[in-house]
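A.B. asks: Supplied structure: model_22.cif, mmCIF, C-alpha atoms.
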```cif
data_run
loop_
_atom_site.label_atom_id
_atom_site.label_comp_id
_atom_site.auth_asym_id
_atom_site.auth_seq_id
_atom_site.Cartn_x
_atom_site.Cartn_y
_atom_site.Cartn_z
CA MET A 27 -42.38 -50.93 63.80
CA PRO A 28 -40.19 -53.57 62.09
CA GLN A 29 -41.34 -54.97 58.77
CA THR A 30 -40.78 -58.39 57.25
CA LEU A 31 -38.36 -58.51 54.32
CA THR A 32 -40.32 -61.12 52.36
CA ALA A 33 -43.95 -61.97 51.75
CA LYS A 34 -45.83 -64.82 50.12
CA LEU A 35 -46.63 -64.95 46.44
CA GLY A 36 -48.44 -68.25 46.29
CA ASN A 37 -45.99 -70.65 47.92
CA HIS A 38 -42.99 -68.47 47.10
CA ASP A 39 -41.23 -66.15 49.53
CA VAL A 40 -40.37 -63.04 47.54
CA GLY A 41 -38.82 -59.72 48.46
CA ARG A 42 -41.31 -57.06 49.51
CA ILE A 43 -40.11 -54.68 46.77
CA GLY A 44 -39.80 -55.99 43.23
CA PHE A 45 -39.74 -54.13 39.93
CA GLY A 46 -42.53 -53.07 37.61
CA ALA A 47 -41.15 -53.00 34.06
CA MET A 48 -43.94 -51.06 32.30
CA GLN A 49 -42.02 -47.76 32.15
CA LEU A 50 -39.21 -49.32 30.13
CA ALA A 51 -41.22 -49.03 26.93
CA GLY A 52 -41.53 -45.82 24.93
CA PRO A 53 -43.96 -42.96 25.65
CA GLY A 54 -47.44 -44.22 26.41
CA VAL A 55 -45.97 -47.71 27.05
CA PHE A 56 -45.76 -48.01 23.27
CA GLY A 57 -42.79 -48.63 21.03
CA PRO A 58 -39.10 -48.84 21.92
CA PRO A 59 -37.48 -46.99 24.83
CA ARG A 60 -35.73 -43.69 24.33
CA ASP A 61 -32.62 -45.21 25.93
CA ARG A 62 -32.33 -48.93 25.26
CA ASP A 63 -29.01 -49.34 27.06
CA GLY A 64 -30.44 -47.49 30.04
CA ALA A 65 -33.46 -49.80 30.15
CA LEU A 66 -31.22 -52.88 30.10
CA ALA A 67 -29.07 -51.37 32.87
CA VAL A 68 -32.14 -50.84 35.08
CA LEU A 69 -33.17 -54.48 34.74
CA ARG A 70 -29.68 -55.77 35.50
CA ARG A 71 -29.31 -53.46 38.48
CA ALA A 72 -32.69 -54.51 39.84
CA THR A 73 -31.63 -58.15 40.04
CA GLU A 74 -28.19 -57.20 41.37
CA LEU A 75 -29.96 -55.46 44.25
CA GLY A 76 -32.05 -58.53 44.98
CA ALA A 77 -35.35 -57.78 43.25
CA ASP A 78 -36.77 -61.24 42.60
CA HIS A 79 -40.25 -60.29 41.36
CA ILE A 80 -40.53 -58.57 37.97
CA ASP A 81 -43.93 -57.51 36.72
CA THR A 82 -44.41 -57.19 32.97
CA SER A 83 -46.75 -57.90 30.06
CA GLN A 84 -46.47 -58.70 26.38
CA TYR A 85 -48.73 -55.75 25.59
CA TYR A 86 -46.19 -53.32 27.07
CA GLY A 87 -44.71 -52.13 23.80
CA PRO A 88 -46.14 -54.53 22.64
CA ASP A 89 -43.34 -57.14 22.95
CA VAL A 90 -40.80 -54.41 23.75
CA VAL A 91 -40.58 -54.81 27.54
CA ASN A 92 -40.55 -58.60 27.53
CA GLU A 93 -37.81 -58.60 24.92
CA LEU A 94 -35.76 -56.18 27.03
CA ILE A 95 -36.16 -58.47 30.04
CA ARG A 96 -35.01 -61.44 28.00
CA GLU A 97 -32.02 -59.57 26.56
CA ALA A 98 -30.94 -58.22 29.93
CA LEU A 99 -31.47 -61.24 32.15
CA TYR A 100 -31.62 -64.49 30.13
CA PRO A 101 -30.65 -67.06 31.28
CA TYR A 102 -32.69 -65.94 34.27
CA PRO A 103 -31.20 -66.02 37.76
CA ASP A 104 -32.41 -68.77 40.07
CA GLY A 105 -35.35 -67.58 42.13
CA LEU A 106 -36.44 -64.81 39.75
CA HIS A 107 -40.24 -64.73 39.44
CA LEU A 108 -41.68 -63.37 36.20
CA VAL A 109 -45.24 -62.15 36.60
CA THR A 110 -47.32 -60.98 33.68
CA LYS A 111 -50.88 -60.08 32.79
CA VAL A 112 -53.28 -60.80 29.97
CA GLY A 113 -56.64 -59.36 28.99
CA ALA A 114 -55.64 -56.41 26.82
CA ARG A 115 -54.13 -55.66 23.43
CA ARG A 116 -52.87 -52.57 21.60
CA ASP A 117 -53.97 -51.18 18.30
CA ASP A 118 -51.58 -49.59 15.79
CA ARG A 119 -51.90 -46.24 17.58
CA GLY A 120 -51.17 -47.67 21.01
CA ALA A 121 -54.73 -47.61 22.37
CA TRP A 122 -55.58 -50.14 25.10
CA LEU A 123 -58.33 -52.55 24.05
CA PRO A 124 -59.89 -55.52 25.88
CA ALA A 125 -58.77 -59.00 24.83
CA LEU A 126 -60.68 -61.21 27.25
CA ARG A 127 -62.12 -64.05 25.18
CA PRO A 128 -60.62 -67.44 26.07
CA ASP A 129 -58.77 -67.65 22.75
CA GLU A 130 -57.35 -64.16 23.31
CA LEU A 131 -56.24 -65.04 26.84
CA ARG A 132 -54.52 -68.18 25.58
CA ALA A 133 -52.79 -66.20 22.84
CA GLY A 134 -51.70 -63.66 25.45
CA VAL A 135 -50.10 -66.31 27.64
CA GLU A 136 -48.39 -67.90 24.62
CA ASP A 137 -47.07 -64.50 23.51
CA ASN A 138 -45.61 -63.90 26.98
CA LEU A 139 -43.95 -67.31 27.01
CA ARG A 140 -42.48 -66.66 23.55
CA THR A 141 -41.17 -63.15 24.18
CA LEU A 142 -39.73 -64.00 27.61
CA ASP A 143 -38.37 -67.35 26.33
CA VAL A 144 -39.72 -69.40 29.22
CA GLU A 145 -41.83 -72.55 29.40
CA ARG A 146 -43.80 -71.48 32.47
CA LEU A 147 -44.70 -68.18 34.10
CA THR A 148 -44.78 -67.80 37.87
CA LEU A 149 -48.07 -65.90 37.82
CA VAL A 150 -50.48 -64.56 35.22
CA ASN A 151 -52.91 -61.80 36.18
CA LEU A 152 -56.28 -61.50 34.49
CA ARG A 153 -56.44 -57.75 33.79
CA LEU A 154 -60.08 -56.72 33.77
CA LEU A 155 -60.59 -54.00 31.20
CA GLY A 156 -63.73 -52.52 29.72
CA GLU A 157 -67.23 -53.73 30.60
CA ALA A 158 -67.94 -55.87 33.66
CA PRO A 159 -67.59 -59.64 33.27
CA GLY A 160 -70.68 -61.18 31.70
CA THR A 161 -71.90 -57.92 30.17
CA GLY A 162 -71.55 -56.56 26.65
CA ASP A 163 -68.65 -58.25 24.86
CA THR A 164 -66.90 -59.30 28.09
CA PRO A 165 -67.14 -63.04 28.81
CA PRO A 166 -68.32 -64.27 32.23
CA LEU A 167 -65.63 -64.42 34.90
CA ALA A 168 -65.87 -68.22 35.06
CA GLU A 169 -65.11 -68.47 31.35
CA MET A 170 -62.05 -66.22 31.56
CA LEU A 171 -60.63 -67.85 34.67
CA GLY A 172 -61.39 -71.29 33.24
CA ALA A 173 -59.14 -70.52 30.27
CA LEU A 174 -56.29 -69.54 32.60
CA ASP A 175 -56.88 -72.59 34.79
CA ASP A 176 -56.68 -74.84 31.73
CA MET A 177 -53.26 -73.38 30.98
CA ARG A 178 -52.23 -73.77 34.61
CA ARG A 179 -53.04 -77.48 34.37
CA GLU A 180 -51.02 -77.64 31.14
CA GLY A 181 -47.99 -76.24 32.99
CA LYS A 182 -47.82 -72.92 31.15
CA LEU A 183 -48.34 -70.92 34.34
CA GLU A 184 -48.12 -71.69 38.02
CA LEU A 185 -50.41 -69.13 39.69
CA ILE A 186 -53.42 -67.02 38.71
CA GLY A 187 -54.05 -63.46 39.87
CA LEU A 188 -56.53 -60.67 39.24
CA SER A 189 -55.90 -57.06 38.29
CA ASN A 190 -58.33 -54.14 38.58
CA ALA A 191 -60.94 -56.23 40.41
CA ALA A 192 -63.54 -55.10 42.93
CA ARG A 193 -63.95 -57.10 46.14
CA ALA A 194 -67.11 -58.85 44.92
CA LEU A 195 -65.23 -60.10 41.85
CA VAL A 196 -62.31 -61.28 43.98
CA GLU A 197 -64.69 -63.25 46.15
CA GLU A 198 -66.46 -64.68 43.10
CA ALA A 199 -63.12 -65.69 41.57
CA LEU A 200 -62.04 -67.47 44.75
CA GLU A 201 -65.06 -69.74 44.39
CA LEU A 202 -63.94 -70.71 40.89
CA VAL A 203 -60.15 -71.22 40.89
CA PRO A 204 -57.23 -70.74 43.28
CA ILE A 205 -56.18 -67.07 43.29
CA ALA A 206 -52.72 -66.03 44.53
CA SER A 207 -52.77 -62.24 44.30
CA VAL A 208 -54.69 -59.11 43.39
CA GLN A 209 -53.21 -56.05 41.64
CA ASN A 210 -55.24 -52.90 42.23
CA GLN A 211 -54.61 -49.18 42.41
CA TYR A 212 -53.65 -48.24 45.99
CA SER A 213 -51.36 -45.79 47.77
CA VAL A 214 -51.17 -43.46 50.74
CA LEU A 215 -53.02 -41.00 48.46
CA ASP A 216 -55.65 -43.49 47.24
CA ARG A 217 -57.31 -45.91 49.70
CA SER A 218 -60.28 -46.70 47.46
CA ASN A 219 -59.32 -50.39 47.33
CA GLU A 220 -58.96 -50.84 51.09
CA ASP A 221 -61.81 -53.38 50.99
CA VAL A 222 -59.91 -55.45 48.41
CA LEU A 223 -56.78 -55.33 50.57
CA GLU A 224 -58.92 -56.51 53.49
CA ALA A 225 -60.17 -59.45 51.41
CA CYS A 226 -56.57 -60.37 50.56
CA ARG A 227 -55.65 -60.17 54.23
CA GLU A 228 -58.54 -62.44 55.18
CA ARG A 229 -57.65 -65.01 52.49
CA GLY A 230 -53.86 -64.81 52.78
CA LEU A 231 -53.39 -63.44 49.26
CA ALA A 232 -50.68 -61.09 48.07
CA PHE A 233 -51.88 -57.55 47.34
CA VAL A 234 -49.81 -55.72 44.74
CA PRO A 235 -50.62 -52.00 44.41
CA PHE A 236 -50.21 -50.30 41.08
CA PHE A 237 -49.60 -46.56 41.17
CA PRO A 238 -48.02 -46.99 44.65
CA LEU A 239 -46.86 -43.35 44.50
CA GLY A 240 -50.19 -42.09 43.22
CA SER A 241 -51.20 -41.73 39.60
CA ALA A 242 -50.77 -38.80 37.26
CA PHE A 243 -54.44 -38.01 37.89
CA THR A 244 -53.82 -37.60 41.64
CA GLY A 245 -50.58 -35.64 41.37
CA GLY A 246 -48.14 -38.53 41.80
CA PRO A 247 -44.83 -37.89 43.57
CA GLN A 248 -45.35 -34.12 43.45
CA LYS A 249 -48.51 -34.50 45.54
CA LEU A 250 -46.58 -36.64 48.03
CA ALA A 251 -43.91 -33.95 48.42
CA GLU A 252 -46.56 -31.28 49.01
CA ASP A 253 -48.24 -33.11 51.89
CA PRO A 254 -46.94 -31.73 55.22
CA ALA A 255 -47.26 -35.02 57.15
CA ILE A 256 -45.35 -36.97 54.51
CA ALA A 257 -42.72 -34.21 54.33
CA ARG A 258 -42.25 -34.28 58.14
CA VAL A 259 -41.82 -38.05 58.25
CA ALA A 260 -39.42 -37.90 55.29
CA ALA A 261 -37.29 -35.25 57.01
CA LYS A 262 -37.26 -37.25 60.25
CA HIS A 263 -35.86 -40.32 58.50
CA GLY A 264 -33.63 -38.57 55.96
CA ALA A 265 -35.75 -40.12 53.22
CA THR A 266 -37.61 -38.84 50.19
CA PRO A 267 -41.42 -38.46 50.22
CA SER A 268 -41.65 -41.27 47.68
CA GLN A 269 -39.62 -43.58 49.92
CA VAL A 270 -41.93 -42.76 52.82
CA ALA A 271 -44.99 -43.53 50.68
CA LEU A 272 -43.51 -46.93 49.75
CA ALA A 273 -42.49 -47.61 53.35
CA TRP A 274 -46.02 -46.80 54.51
CA LEU A 275 -47.37 -49.49 52.20
CA LEU A 276 -44.88 -52.06 53.51
CA HIS A 277 -45.79 -51.25 57.12
CA HIS A 278 -49.51 -50.95 56.44
CA ASP A 279 -50.02 -54.64 55.69
CA GLU A 280 -47.67 -57.62 55.52
CA HIS A 281 -49.49 -58.99 52.45
CA ILE A 282 -48.44 -56.03 50.31
CA LEU A 283 -45.80 -56.58 47.62
CA LEU A 284 -44.51 -53.53 45.76
CA ILE A 285 -43.51 -53.25 42.10
CA PRO A 286 -42.57 -49.57 41.64
CA GLY A 287 -41.40 -48.86 38.12
CA THR A 288 -38.82 -46.55 36.64
CA SER A 289 -36.47 -46.19 33.67
CA SER A 290 -33.70 -44.69 35.84
CA VAL A 291 -31.06 -46.64 37.78
CA ALA A 292 -30.86 -43.88 40.40
CA HIS A 293 -34.63 -43.90 40.90
CA LEU A 294 -34.61 -47.70 41.05
CA GLU A 295 -32.02 -47.63 43.82
CA GLU A 296 -34.06 -45.03 45.69
CA ASN A 297 -37.20 -47.16 45.44
CA LEU A 298 -35.52 -50.33 46.66
CA ALA A 299 -33.93 -48.44 49.57
CA ALA A 300 -37.44 -47.70 50.86
CA ALA A 301 -37.28 -51.15 52.46
CA ASN A 302 -34.76 -49.70 54.93
CA VAL A 303 -37.09 -46.91 56.15
CA GLU A 304 -38.40 -48.04 59.55
CA LEU A 305 -41.56 -46.17 60.47
CA ASP A 306 -42.68 -46.05 64.10
CA ALA A 307 -46.22 -45.91 65.49
CA GLU A 308 -46.20 -42.10 65.50
CA ASP A 309 -45.16 -42.03 61.85
CA MET A 310 -47.87 -44.50 60.90
CA THR A 311 -50.55 -42.52 62.72
CA ALA A 312 -49.52 -39.35 60.89
CA LEU A 313 -49.45 -41.10 57.52
CA ASP A 314 -52.71 -42.95 58.10
CA ASP A 315 -54.33 -39.53 58.54
CA VAL A 316 -53.08 -38.20 55.18
CA GLN A 317 -56.08 -37.08 53.16
CA PRO A 318 -56.37 -39.16 49.98
CA ALA A 319 -56.01 -37.17 46.78
CA ARG A 320 -59.10 -36.97 44.64
CA ASN A 321 -58.98 -37.99 41.01
CA PRO A 322 -59.89 -34.76 39.19
CA LEU A 323 -61.65 -36.75 36.47
CA GLU A 324 -64.30 -37.69 39.05
CA ALA A 325 -65.43 -34.07 39.18
CA VAL A 326 -66.71 -34.41 35.63
CA HIS A 327 -69.34 -36.84 36.91
CA ASP A 328 -70.49 -34.81 39.94
#
```
Mind turning this structure into structure tokens?

C.D. replies:
Amino acid sequence: MPQTLTAKLGNHDVGRIGFGAMQLAGPGVFGPPRDRDGALAVLRRATELGADHIDTSQYYGPDVVNELIREALYPYPDGLHLVTKVGARRDDRGAWLPALRPDELRAGVEDNLRTLDVERLTLVNLRLLGEAPGTGDTPPLAEMLGALDDMRREGKLELIGLSNAARALVEEALELVPIASVQNQYSVLDRSNEDVLEACRERGLAFVPFFPLGSAFTGGPQKLAEDPAIARVAAKHGATPSQVALAWLLHHDEHILLIPGTSSVAHLEENLAAANVELDAEDMTALDDVQPARNPLEAVHD
């Protein structure tokens, strides 16, 4: 079952596996990395291996990850697409807080431009955090997207995306401004956003899973290794369970773009090599039948 090597991000053809830079910050995505030289080496190796889509945010650190990207890669290689997100901020203890007012979104874009040292970003995701749009202190969706669209018209960003959005919100957003992609949690262990992926497929949008190997709440890579179907497919192809999980995503839908993150060059190389794992119909049937892992936090609400 051959897979395409590139997919659309707006009008751009980008490699199916890019790099998510979040893990380059310190523990809790806060403060400097334990190994600064190692973090810089990961970024340089990612572009050497052809990763042309780097996902980041000013609030990773904050500032830390963007400044690492700038130090490692500036002046940026031709064809490198820097994608960021706004809608959150950090307090002095590293807590994640909403920052969704139009003035906060504008400040977030400006901070990303400053720390990355660019005049325009390829794509900015509106990261929905906290209460639903239009309730409590969260502005209406039209107000938030309008702020990003104003900056798009000013040339500060090219494309607008959504992150952590239910299908109904994606459909509402598409009535307001052009949307290029959606970033939601999704993996072979978590299909809860299948309806959002379907909406992206119908509209020709990129779908970018976060936690593509499962989250810490669902067992992550360890849970992948423990699944017998994933283990069998991995053994058949001489691959790791994590590579199989990434390959499943690439084969599952041509609109999927991956941004697995790591702070290790060896792990980076393993992730990017998942593009070479060719799954056949039998493999896909076995993996499609993998039982999604349940988030143990959900049990609290039963």

A.B. asks: Apply the PyMOL selection byres ((chain A and resi 133) around 12) to the file shown and report the selected residues as a list in words.

C.D. replies: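 So the PyMOL selection byres ((chain A and resi 133) around 12), applied here, picks out Gln84, Tyr85, Lys111, Val112, Gly113, Ala114, Arg115, Ala125, Leu126, Arg127, Pro128, Asp129, Glu130, Leu131, Arg132, Gly134, Val135, Glu136, Asp137, Asn138, Leu139, Arg140, Ala173, Leu174, Met177 and Lys182 of chain A.
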
A.B. asks: With all atoms listed in the file as the basis for distance, which of A:Gly76, A:Pro238, A:Gly105, A:Gly246 is at the shortest distance from Leu272 of chain A?

C.D. replies: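 Under the stated criterion, the closest residue is A:Pro238.
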
A.B. asks: Which one is closest to Leu35 of chain A: A:Pro235, A:Gly187, A:Gly245, A:Gly264? Count all atoms listed in the file.

C.D. replies: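 Once distances to Leu35 of chain A are computed over all atoms listed in the file, the minimum belongs to A:Gly187.
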
A.B. asks: What is the distance, in Å and to one decimal place, between atom CA of Gly64 of chain A and atom CA of Gly46 of chain A?

C.D. replies: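 Atom-to-atom, atom CA of Gly64 of chain A to atom CA of Gly46 of chain A, that is 15.3 Å.
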
A.B. asks: Which of these residues is nearest to Trp274 of chain A, using only C-alpha atoms: A:Glu296, A:Glu228, A:Asp315, A:Asp175?

C.D. replies: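 Nearest candidate to Trp274 of chain A out of A:Glu296, A:Glu228, A:Asp315, A:Asp175: A:Asp315.
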
A.B. asks: Kindly provide the residues of segment 186-260 of chain A that approach segment 146-154 of chain A to within 10 Å, each paired with its closest atom pair and their distance in Å to one decimal, based on all atoms listed in the file, listed by chain and increasing number, as JSON lines.

C.D. replies:
```
{"residue": "A:Ile186", "atom": "CA", "partner": "A:Val150", "partner_atom": "CA", "distance": 5.2}
{"residue": "A:Gly187", "atom": "CA", "partner": "A:Asn151", "partner_atom": "CA", "distance": 4.2}
{"residue": "A:Leu188", "atom": "CA", "partner": "A:Leu152", "partner_atom": "CA", "distance": 4.8}
{"residue": "A:Ser189", "atom": "CA", "partner": "A:Arg153", "partner_atom": "CA", "distance": 4.6}
{"residue": "A:Asn190", "atom": "CA", "partner": "A:Leu154", "partner_atom": "CA", "distance": 5.7}
{"residue": "A:Ala191", "atom": "CA", "partner": "A:Leu154", "partner_atom": "CA", "distance": 6.7}
{"residue": "A:Ala192", "atom": "CA", "partner": "A:Leu154", "partner_atom": "CA", "distance": 9.9}
{"residue": "A:Ile205", "atom": "CA", "partner": "A:Asn151", "partner_atom": "CA", "distance": 9.4}
{"residue": "A:Ala206", "atom": "CA", "partner": "A:Leu149", "partner_atom": "CA", "distance": 8.2}
{"residue": "A:Ser207", "atom": "CA", "partner": "A:Asn151", "partner_atom": "CA", "distance": 8.1}
{"residue": "A:Val208", "atom": "CA", "partner": "A:Asn151", "partner_atom": "CA", "distance": 7.9}
{"residue": "A:Gln209", "atom": "CA", "partner": "A:Asn151", "partner_atom": "CA", "distance": 7.9}
{"residue": "A:Asn210", "atom": "CA", "partner": "A:Arg153", "partner_atom": "CA", "distance": 9.8}
```

A.B. asks: Evaluate the PyMOL selection byres ((chain A and resi 313) around 9) and record the selected residues as a PyMOL selection string, following the chain and residue labels used in the document.

C.D. replies: chain A and resi 214+255-256+259+271+274+308-312+314-317

A.B. asks: Looking at all atoms listed in the file, which of A:Ala265, A:Ala319, A:Leu231, A:Leu66 is the one that sits closest to Ser218 of chain A?

C.D. replies: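 The closest residue to Ser218 of chain A is A:Ala319.
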
A.B. asks: To verify the selection step, state as a PyMOL selection string which residues the PyMOL selection byres ((chain A and resi 48) around 9) yields on this input.

C.D. replies: chain A and resi 46-47+49-51+55+81-83+86-87+91+287-288

A.B. asks: With distances taken over only C-alpha atoms, which of A:Glu97, A:Pro254, A:Asp163, A:Arg42 is nearest to Thr30 of chain A?

C.D. replies: A:Arg42

A.B. asks: For atom CA of Phe56 of chain A and atom CA of Thr110 of chain A, quote the distance in Å rounded to one decimal.

C.D. replies: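 Straight-line distance from atom CA of Phe56 of chain A to atom CA of Thr110 of chain A works out to 16.7 Å.
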
A.B. asks: Could you check the closest approach to Asp63 of chain A for each of A:Val291, A:Leu167, A:Val303, A:Leu284 and tell me which residue wins, using only C-alpha atoms?

C.D. replies: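 When distances to Asp63 of chain A are compared using only C-alpha atoms, the smallest one comes from A:Val291.
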
A.B. asks: In Å, with one decimal, what is the gap from atom CA of Leu215 of chain A to atom CA of Thr244 of chain A?

C.D. replies: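 Between atom CA of Leu215 of chain A and atom CA of Thr244 of chain A the gap works out to 7.7 Å.
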
A.B. asks: Start from the incomplete input, build N, CA, C and O atoms for segment 87-110 of chain A, and deliver everything as a short mmCIF file (atom, residue, chain, number, x, y, z; two decimals), in the coordinates of the input.

C.D. replies:
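What landed in part.cif:
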```
data_model
loop_
_atom_site.label_atom_id
_atom_site.label_comp_id
_atom_site.auth_asym_id
_atom_site.auth_seq_id
_atom_site.Cartn_x
_atom_site.Cartn_y
_atom_site.Cartn_z
N GLY A 87 -45.57 -52.33 24.97
CA GLY A 87 -44.71 -52.13 23.80
C GLY A 87 -45.45 -52.11 22.48
O GLY A 87 -45.36 -51.12 21.77
N PRO A 88 -46.17 -53.18 22.08
CA PRO A 88 -46.14 -54.53 22.64
C PRO A 88 -44.82 -55.25 22.31
O PRO A 88 -44.08 -54.81 21.44
N ASP A 89 -44.55 -56.30 23.05
CA ASP A 89 -43.34 -57.14 22.95
C ASP A 89 -42.09 -56.46 23.50
O ASP A 89 -41.18 -57.14 23.99
N VAL A 90 -42.03 -55.13 23.46
CA VAL A 90 -40.80 -54.41 23.75
C VAL A 90 -40.25 -54.75 25.13
O VAL A 90 -39.07 -55.09 25.28
N VAL A 91 -41.08 -54.64 26.17
CA VAL A 91 -40.58 -54.81 27.54
C VAL A 91 -40.15 -56.25 27.78
O VAL A 91 -39.08 -56.50 28.36
N ASN A 92 -40.94 -57.20 27.34
CA ASN A 92 -40.55 -58.60 27.53
C ASN A 92 -39.23 -58.91 26.83
O ASN A 92 -38.38 -59.65 27.35
N GLU A 93 -39.06 -58.35 25.64
CA GLU A 93 -37.81 -58.60 24.92
C GLU A 93 -36.62 -57.94 25.61
O GLU A 93 -35.50 -58.49 25.60
N LEU A 94 -36.82 -56.79 26.23
CA LEU A 94 -35.76 -56.18 27.03
C LEU A 94 -35.40 -57.05 28.23
O LEU A 94 -34.21 -57.24 28.55
N ILE A 95 -36.41 -57.59 28.90
CA ILE A 95 -36.16 -58.47 30.04
C ILE A 95 -35.34 -59.68 29.61
O ILE A 95 -34.36 -60.06 30.26
N ARG A 96 -35.74 -60.27 28.49
CA ARG A 96 -35.01 -61.44 28.00
C ARG A 96 -33.57 -61.08 27.64
O ARG A 96 -32.63 -61.81 28.00
N GLU A 97 -33.38 -59.96 26.95
CA GLU A 97 -32.02 -59.57 26.56
C GLU A 97 -31.15 -59.27 27.77
O GLU A 97 -29.96 -59.63 27.80
N ALA A 98 -31.73 -58.62 28.77
CA ALA A 98 -30.94 -58.22 29.93
C ALA A 98 -30.64 -59.37 30.88
O ALA A 98 -29.55 -59.42 31.47
N LEU A 99 -31.55 -60.32 31.02
CA LEU A 99 -31.47 -61.24 32.15
C LEU A 99 -31.40 -62.72 31.78
O LEU A 99 -31.12 -63.55 32.64
N TYR A 100 -31.65 -63.07 30.51
CA TYR A 100 -31.62 -64.49 30.13
C TYR A 100 -30.18 -64.97 29.96
O TYR A 100 -29.39 -64.27 29.34
N PRO A 101 -29.84 -66.14 30.48
CA PRO A 101 -30.65 -67.06 31.28
C PRO A 101 -30.97 -66.46 32.66
O PRO A 101 -30.08 -65.87 33.29
N TYR A 102 -32.21 -66.63 33.08
CA TYR A 102 -32.69 -65.94 34.27
C TYR A 102 -32.06 -66.47 35.55
O TYR A 102 -31.84 -67.68 35.68
N PRO A 103 -31.77 -65.57 36.49
CA PRO A 103 -31.20 -66.02 37.76
C PRO A 103 -32.16 -66.96 38.49
O PRO A 103 -33.39 -66.83 38.39
N ASP A 104 -31.59 -67.89 39.24
CA ASP A 104 -32.41 -68.77 40.07
C ASP A 104 -33.23 -67.92 41.04
O ASP A 104 -32.73 -66.96 41.64
N GLY A 105 -34.51 -68.28 41.18
CA GLY A 105 -35.35 -67.58 42.13
C GLY A 105 -36.01 -66.32 41.60
O GLY A 105 -36.73 -65.63 42.34
N LEU A 106 -35.79 -65.99 40.33
CA LEU A 106 -36.44 -64.81 39.75
C LEU A 106 -37.85 -65.20 39.30
O LEU A 106 -38.03 -66.15 38.55
N HIS A 107 -38.84 -64.44 39.76
CA HIS A 107 -40.24 -64.73 39.44
C HIS A 107 -40.75 -63.72 38.43
O HIS A 107 -40.79 -62.51 38.71
N LEU A 108 -41.14 -64.21 37.26
CA LEU A 108 -41.68 -63.37 36.20
C LEU A 108 -43.20 -63.43 36.26
O LEU A 108 -43.80 -64.50 36.12
N VAL A 109 -43.79 -62.28 36.47
CA VAL A 109 -45.24 -62.15 36.60
C VAL A 109 -45.75 -61.28 35.46
O VAL A 109 -45.19 -60.22 35.18
N THR A 110 -46.80 -61.74 34.81
CA THR A 110 -47.32 -60.98 33.68
C THR A 110 -48.83 -60.84 33.80
O THR A 110 -49.44 -61.26 34.78
#
```
